[in-house]
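Novice: Dumping the structure here so I can ask a few things about it.
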Amino acid sequence: MENILEIKDLHVQYQTSEDTNYALNGIDLNIQKGETLGLVGETGAGKTTIALSILRLLQSGVGQIKSGDILFEGKSLLELNDTEIRKVRGDKISMIFQDPMSSLNPVLTVGDQIAEAIDLHRSLSKQELSDMVDSTLELVGIPKSRKNDYPHQFSGGMKQRVIIAIALSTNPELLIADEPTTALDVTIQAQVLHLMEELKQKLNMSMLMITHDLGIVAQICDHVAIIYAGKIIEYGTVYEIFDKSREHHPYTKGLFGSIPDLTVETRRLTPVKGLMADPADLPEGCYFHPRCDECMEICKNKVPDSCGMGGEHYVRCHLFKERQV
Amino acid sequence: MSEKLIEVVDLKKYFKTRQGDLHAVDGINFSINRGETLGIVGESGCGKSTLGRLVMRLHEATSGSVYYNGTDITKLKGSKLKELRKEMQIIFQDPYSSLNPRMTVSNLIAEPLNLNKVYKTKQETEARVKELMETVGLAPRLINAYPHELDGGRRQRIGIARALALNPKVIVCDEPVSALDVSIQAQILNLLMDLQDEYGLTYLFITHDLSVVKHISNRIAVMYLGQCIELASSKEIFANPIHPYTKALLSAIPVADTSVRGKKQEILKGEVVSPINPKPGCRFAPRCAYATEACTSCELSLREVEPGHFVSCRLFDGEK
């Protein structure tokens, strides 16, 4: 399979007046054409930083890409100048932000906001532009009669549809969805996920799905990458990651142990103990070792390499070193 | 065990708005037994939090009663009401905004103790604060920390310690874990369940997260637009949901299991209608796949369709 996006050994730091936060510490990740990659992790793991790095939206002066490269369709995104990256952003690569309530402009009608995105990337006549807005709205299931309404006249689920409409209006090759349904109720979430899945098929897009909800991952992603403290600690096809007969990274096990299972009766959950590593003060060796139940001597001073577990499944943990030989 | 500690009878709360009355809670009946956890589930705007606050009398009910240990608390006044406050406590949803940023951990936990003049000396209060911190799993070194120095999980532990300070019998948990990451969420859920075992607490657990509510509740009430539409034991609700809304709600949860991938799920159409001046009849009818004309005209109430399983749906009126 051809890769649409390749991230190579990406290091990103946030520099504040007090300290340096090591947000991404060597990310290697590929997204194949037409697939959905799920990126899973807790708050502060670096999920959103990856998304912002791809679009070069890191806050200038604070967030810096220290090393590594991001290739989109074989070309480096990091070498583009401001004008060039603006042509990619919102056209070839679009992003859906997390909070539908705050990512729309309250003083513009939704029609104008969709038109703005198209107008920036396509030179169309007024009539063509208006037709395109109508068809985009219909694509996401909003009657075109509502294009002159303002965001506050829409409910949360409808606003998220407008955001999706803006992101899809230019037929992007790659859609980055940053927790697109976290702010929504479950029945509305189901509608939005269903819509995104349908549109992905229709428009033949690739998707990077950022989420902390393992349920969503199991239902719509093709590959899964689990991120902890700015490193991918496990990667595989969705079937490999959710296969309980396979061995997994202790953190992955902890994540699964944290969600109450609807089918099994258990009195206690088995979460990971402790807290997410502080990105300003990362531990030596494996970043996860202070929280790990299976921590060994080697884990405290040596960063583990990625080990192949068969198939496309990789785990970054010293426990599985032998298998590689 | 089966002694009723709280009984809610035809409880209503209407908020006045410019467009008319907003029926936030509209005729709810249920009871909670001592030591039990009753889960309240529903989508945003269905009146869950208003209900929780009515039960604690943080809102004044429009009509109806809440009985605690046999007394109607909606009519209590003065010192009697203050006594009641000690028995019932609440844990709020957002640990980031429910703690005063200018108070230290020890001040925050001591506040309910001082307000109620529980102890005469500072030493006694401090000893109790330390004890509470240990109970909820806060390290003693954090005693002089401010909320902004702590993460969400630890802040929520402060909220829990505050709620526990006066040895309450009932705790209303209003989405206590929804602002937290999954691993922290699991830690807090374990803590809440341990505390219940240790102190025999009774919980009214409000959440929109169905997997959390199944895990922690003995019985579950499903709410839709201010009304309770289904009430049963938590096993029963998940094994045998009856109301079309409950069914849709359950099938909408993405399951962390690849074997059910691509299965056709029932996706609800439309959205919750406005709770202002609702139309008579079943409030779920506009979104319901099984709705008939009769659904919009009849008055509905909870009926026991199986022992302990109550449903408010016209489709099940005739049976049993």
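By convention in this document, the chains of the structure tokens carry letters A, B, ... by their order, each chain's residues are numbered from 1, and ligands are numbered from 1 in the order they are shown.
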Skipping near chain neighbours, those fewer than 4 positions away, what residues fall within 12 Å of segment 117-124 of chain B using only C-alpha atoms, listed as number ranges by chain?

Specialist: B: 86, 106-107, 110-113, 128-131, 165-167

Novice: Based on the selection just made, write C-alpha atoms of those residues as a compact mmCIF listing (two decimals), in the first residue's frame.

Specialist:
# COMPACT_ATOMS: atom_id res chain seq x y z
CA LYS B 86 -24.83 17.39 56.55
CA SER B 106 -6.24 21.80 53.58
CA ASN B 107 -8.47 24.92 53.56
CA ALA B 110 -11.56 21.98 56.20
CA GLU B 111 -14.19 24.41 54.87
CA PRO B 112 -17.24 22.18 55.43
CA LEU B 113 -15.89 21.23 58.87
CA ARG B 128 -9.56 15.14 60.33
CA VAL B 129 -8.29 16.81 57.15
CA LYS B 130 -5.27 14.51 57.13
CA GLU B 131 -7.48 11.52 57.73
CA ALA B 165 -15.99 15.53 55.48
CA LEU B 166 -19.31 15.59 57.33
CA ASN B 167 -19.95 11.84 57.17

Novice: With a distance cut-off of 8 Å and only C-alpha atoms, select the neighbouring residues of segment 173-181 of chain B, excluding the residue or stretch itself and same-chain residues fewer than 5 positions from it, and output the selection as a PyMOL selection string.

Specialist: (chain A and resi 42-43) or (chain B and resi 49+52+90-95+152-153+156+188-189+203-209)

Novice: For those residues, write N, CA and C atoms to a file as a PDB file, in the first residue's frame.

Specialist:
ATOM      1  N   GLU A  42      -3.758   9.407  26.190  1.00  0.00           N
ATOM      2  CA  GLU A  42      -4.431  10.255  27.166  1.00  0.00           C
ATOM      3  C   GLU A  42      -4.055  11.719  26.959  1.00  0.00           C
ATOM      4  N   THR A  43      -4.691  12.590  27.727  1.00  0.00           N
ATOM      5  CA  THR A  43      -4.369  14.005  27.684  1.00  0.00           C
ATOM      6  C   THR A  43      -2.876  14.215  27.897  1.00  0.00           C
TER       7      THR A  43
ATOM      8  N   SER B  49     -29.000  16.787  35.823  1.00  0.00           N
ATOM      9  CA  SER B  49     -28.375  17.582  36.884  1.00  0.00           C
ATOM     10  C   SER B  49     -29.415  18.319  37.704  1.00  0.00           C
ATOM     11  N   GLY B  52     -30.706  15.953  40.200  1.00  0.00           N
ATOM     12  CA  GLY B  52     -29.760  15.757  41.293  1.00  0.00           C
ATOM     13  C   GLY B  52     -29.827  16.900  42.286  1.00  0.00           C
ATOM     14  N   ILE B  90     -22.684  16.630  47.595  1.00  0.00           N
ATOM     15  CA  ILE B  90     -22.642  16.496  46.145  1.00  0.00           C
ATOM     16  C   ILE B  90     -21.187  16.564  45.653  1.00  0.00           C
ATOM     17  N   ILE B  91     -20.875  15.785  44.645  1.00  0.00           N
ATOM     18  CA  ILE B  91     -19.586  15.887  43.968  1.00  0.00           C
ATOM     19  C   ILE B  91     -19.873  16.440  42.583  1.00  0.00           C
ATOM     20  N   PHE B  92     -19.196  17.539  42.237  1.00  0.00           N
ATOM     21  CA  PHE B  92     -19.516  18.212  40.986  1.00  0.00           C
ATOM     22  C   PHE B  92     -18.714  17.663  39.819  1.00  0.00           C
ATOM     23  N   GLN B  93     -19.200  18.016  38.642  1.00  0.00           N
ATOM     24  CA  GLN B  93     -18.636  17.492  37.418  1.00  0.00           C
ATOM     25  C   GLN B  93     -17.218  17.983  37.146  1.00  0.00           C
ATOM     26  N   ASP B  94     -17.038  19.287  37.245  1.00  0.00           N
ATOM     27  CA  ASP B  94     -15.818  19.862  36.719  1.00  0.00           C
ATOM     28  C   ASP B  94     -14.850  20.209  37.835  1.00  0.00           C
ATOM     29  N   PRO B  95     -13.837  19.355  38.058  1.00  0.00           N
ATOM     30  CA  PRO B  95     -12.926  19.634  39.167  1.00  0.00           C
ATOM     31  C   PRO B  95     -12.053  20.860  38.901  1.00  0.00           C
ATOM     32  N   GLY B 152      -6.424  16.918  37.179  1.00  0.00           N
ATOM     33  CA  GLY B 152      -7.862  16.728  37.339  1.00  0.00           C
ATOM     34  C   GLY B 152      -8.239  15.628  38.317  1.00  0.00           C
ATOM     35  N   GLY B 153      -7.516  14.501  38.254  1.00  0.00           N
ATOM     36  CA  GLY B 153      -7.831  13.375  39.133  1.00  0.00           C
ATOM     37  C   GLY B 153      -7.659  13.751  40.592  1.00  0.00           C
ATOM     38  N   GLN B 156     -10.332  16.133  41.699  1.00  0.00           N
ATOM     39  CA  GLN B 156     -11.599  15.460  41.965  1.00  0.00           C
ATOM     40  C   GLN B 156     -11.538  14.745  43.317  1.00  0.00           C
ATOM     41  N   ILE B 188     -10.741   6.849  40.022  1.00  0.00           N
ATOM     42  CA  ILE B 188     -11.767   7.525  40.826  1.00  0.00           C
ATOM     43  C   ILE B 188     -12.984   6.620  41.035  1.00  0.00           C
ATOM     44  N   LEU B 189     -13.382   5.885  39.995  1.00  0.00           N
ATOM     45  CA  LEU B 189     -14.520   4.968  40.144  1.00  0.00           C
ATOM     46  C   LEU B 189     -14.222   3.908  41.196  1.00  0.00           C
ATOM     47  N   TYR B 203     -25.567   6.340  46.783  1.00  0.00           N
ATOM     48  CA  TYR B 203     -25.206   7.246  45.699  1.00  0.00           C
ATOM     49  C   TYR B 203     -26.366   7.486  44.740  1.00  0.00           C
ATOM     50  N   LEU B 204     -26.499   8.723  44.323  1.00  0.00           N
ATOM     51  CA  LEU B 204     -27.294   9.020  43.139  1.00  0.00           C
ATOM     52  C   LEU B 204     -26.267   9.418  42.100  1.00  0.00           C
ATOM     53  N   PHE B 205     -26.053   8.571  41.113  1.00  0.00           N
ATOM     54  CA  PHE B 205     -24.925   8.736  40.212  1.00  0.00           C
ATOM     55  C   PHE B 205     -25.413   9.212  38.848  1.00  0.00           C
ATOM     56  N   ILE B 206     -25.098  10.475  38.533  1.00  0.00           N
ATOM     57  CA  ILE B 206     -25.594  11.070  37.299  1.00  0.00           C
ATOM     58  C   ILE B 206     -24.499  11.030  36.251  1.00  0.00           C
ATOM     59  N   THR B 207     -24.785  10.505  35.069  1.00  0.00           N
ATOM     60  CA  THR B 207     -23.760  10.466  34.037  1.00  0.00           C
ATOM     61  C   THR B 207     -24.392  10.293  32.661  1.00  0.00           C
ATOM     62  N   HIS B 208     -23.601  10.598  31.633  1.00  0.00           N
ATOM     63  CA  HIS B 208     -24.094  10.287  30.299  1.00  0.00           C
ATOM     64  C   HIS B 208     -23.346   9.081  29.740  1.00  0.00           C
ATOM     65  N   ASP B 209     -22.370   8.589  30.526  1.00  0.00           N
ATOM     66  CA  ASP B 209     -21.534   7.504  30.051  1.00  0.00           C
ATOM     67  C   ASP B 209     -22.130   6.165  30.488  1.00  0.00           C
TER      68      ASP B 209
END

Novice: Give me the residues within 8 Å of Leu210 of chain B as a short mmCIF file (atom, residue, chain, number, x, y, z; two decimals) with N, CA and C atoms, in the first residue's frame, counting only C-alpha atoms and dropping any in the same chain fewer than 5 places off.

Specialist:
data_model
loop_
_atom_site.label_atom_id
_atom_site.label_comp_id
_atom_site.auth_asym_id
_atom_site.auth_seq_id
_atom_site.Cartn_x
_atom_site.Cartn_y
_atom_site.Cartn_z
N VAL B 41 -29.13 8.14 33.73
CA VAL B 41 -28.48 8.36 32.43
C VAL B 41 -29.39 9.15 31.51
N LEU B 250 -28.24 2.40 23.81
CA LEU B 250 -27.28 1.32 24.02
C LEU B 250 -26.57 0.95 22.73
N ILE B 253 -23.45 3.20 21.62
CA ILE B 253 -22.13 3.20 22.26
C ILE B 253 -21.16 2.42 21.38
#

Novice: Return as a VMD selection string the residues belonging to chain B that are within 8 Å of chain A, counting only C-alpha atoms.

Specialist: chain B and resid 43 to 44 181 to 187 190 208 211 to 212 214 to 215 248 to 249 252 to 258 260 to 262 267 to 269 271

Novice: Near Arg154 of chain B, counting only C-alpha atoms, which residues have an atom at most 9 Å away, once you skip same-chain residues fewer than 6 positions from it, shown as a list in words?

Specialist: Pro95, Gly137, Leu138 and Pro147 of chain B

Novice: Please produce an output containing C-alpha atoms for each residue in the selection, written as a compact mmCIF listing (two decimals), in the first residue's frame.

Specialist:
# COMPACT_ATOMS: atom_id res chain seq x y z
CA PRO B 95 -12.93 19.63 39.17
CA GLY B 137 -5.66 8.88 48.38
CA LEU B 138 -4.06 12.32 48.42
CA PRO B 147 -5.71 23.45 43.01

Novice: Could you tell me how far atom CA of Val133 of chain A lies from atom CA of Gly270 of chain B, in Å and to one decimal?

Specialist: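 Atom-to-atom, atom CA of Val133 of chain A and atom CA of Gly270 of chain B are spaced 22.1 Å apart.
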
Novice: Got a sec: who's within 6 Å of segment 107-113 of chain A, counting only C-alpha atoms, leaving out chain neighbours fewer than 6 positions off, as a count of residues only?

Specialist: 4

Novice: With a distance cut-off of 7 Å and only C-alpha atoms, select the neighbouring residues of segment 285-297 of chain A, excluding the residue or stretch itself and same-chain residues fewer than 4 positions from it, and output the selection as a list in words.

Specialist: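 Once the nearby chain positions are removed, what remains is Ala229, Pro250, Val272, Lys273, Gly274, Ala277, Asn301, Lys302, Val303 and Pro304 of chain A.
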
Novice: Could you turn the residues from that selection into a file that holds C-alpha atoms, as a CSV table (one decimal), in the first residue's frame?

Specialist:
chain,number,residue,atom,x,y,z
A,229,ALA,CA,4.6,10.7,26.4
A,250,PRO,CA,1.6,-2.8,29.7
A,272,VAL,CA,-2.7,2.1,35.2
A,273,LYS,CA,-1.5,3.4,38.5
A,274,GLY,CA,-0.1,6.9,38.8
A,277,ALA,CA,4.7,11.4,32.7
A,301,ASN,CA,18.0,3.3,31.9
A,302,LYS,CA,17.5,2.1,28.4
A,303,VAL,CA,14.9,3.4,25.9
A,304,PRO,CA,13.3,0.3,24.4

Novice: Using only C-alpha atoms, which protein or nucleic acid residues come within 7 Å of Glu6 of chain A? Drop anything in the same chain fewer than 4 positions from it, and give the result as a VMD selection string.

Specialist: chain A and resid 29 to 31 70 to 72

Novice: With only C-alpha atoms as the basis for distance, which of B:Val105, B:Leu115, B:Leu132, B:Val305 is at the shortest distance from His148 of chain B?

Specialist: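 The answer is B:Val105, which sits nearest to His148 of chain B.
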
Novice: In segment 100-294 of chain A, what's helix (DSSP H, G or I) per DSSP? Answer as a PyMOL selection string?

Specialist: chain A and resi 110-121+126-139+144-148+151-153+156-168+186-203+214-220+238-241+250-258+289-291

Novice: Mind checking DSSP for segment 39-182 of chain A and telling me the strand (DSSP E or B) residues as an mmCIF file with C-alpha atoms, in the first residue's frame?

Specialist:
data_model
loop_
_atom_site.group_PDB
_atom_site.id
_atom_site.type_symbol
_atom_site.label_atom_id
_atom_site.label_comp_id
_atom_site.auth_asym_id
_atom_site.auth_seq_id
_atom_site.Cartn_x
_atom_site.Cartn_y
_atom_site.Cartn_z
ATOM 1 C CA LEU A 39 -4.153 7.693 17.256
ATOM 2 C CA VAL A 40 -4.948 6.850 20.859
ATOM 3 C CA GLY A 63 6.333 24.992 19.639
ATOM 4 C CA GLN A 64 9.345 23.962 17.590
ATOM 5 C CA ILE A 65 9.996 21.000 15.352
ATOM 6 C CA LYS A 66 13.513 20.065 16.438
ATOM 7 C CA SER A 67 14.243 17.247 14.045
ATOM 8 C CA GLY A 68 12.613 14.690 11.820
ATOM 9 C CA ASP A 69 10.509 15.069 8.727
ATOM 10 C CA ILE A 70 6.900 14.883 7.579
ATOM 11 C CA LEU A 71 6.334 13.722 4.018
ATOM 12 C CA PHE A 72 2.973 14.223 2.346
ATOM 13 C CA LYS A 75 7.184 15.726 -0.451
ATOM 14 C CA SER A 76 8.384 17.289 2.784
ATOM 15 C CA ARG A 89 -3.686 23.421 4.542
ATOM 16 C CA ILE A 93 -5.113 18.294 4.249
ATOM 17 C CA SER A 94 -8.068 19.417 6.347
ATOM 18 C CA MET A 95 -8.651 19.294 10.030
ATOM 19 C CA ILE A 96 -11.726 18.912 12.220
ATOM 20 C CA LEU A 174 -6.191 13.615 4.149
ATOM 21 C CA LEU A 175 -8.571 14.524 6.932
ATOM 22 C CA ILE A 176 -7.277 14.986 10.449
ATOM 23 C CA ALA A 177 -10.065 14.604 12.988
ATOM 24 C CA ASP A 178 -9.071 15.667 16.499
#
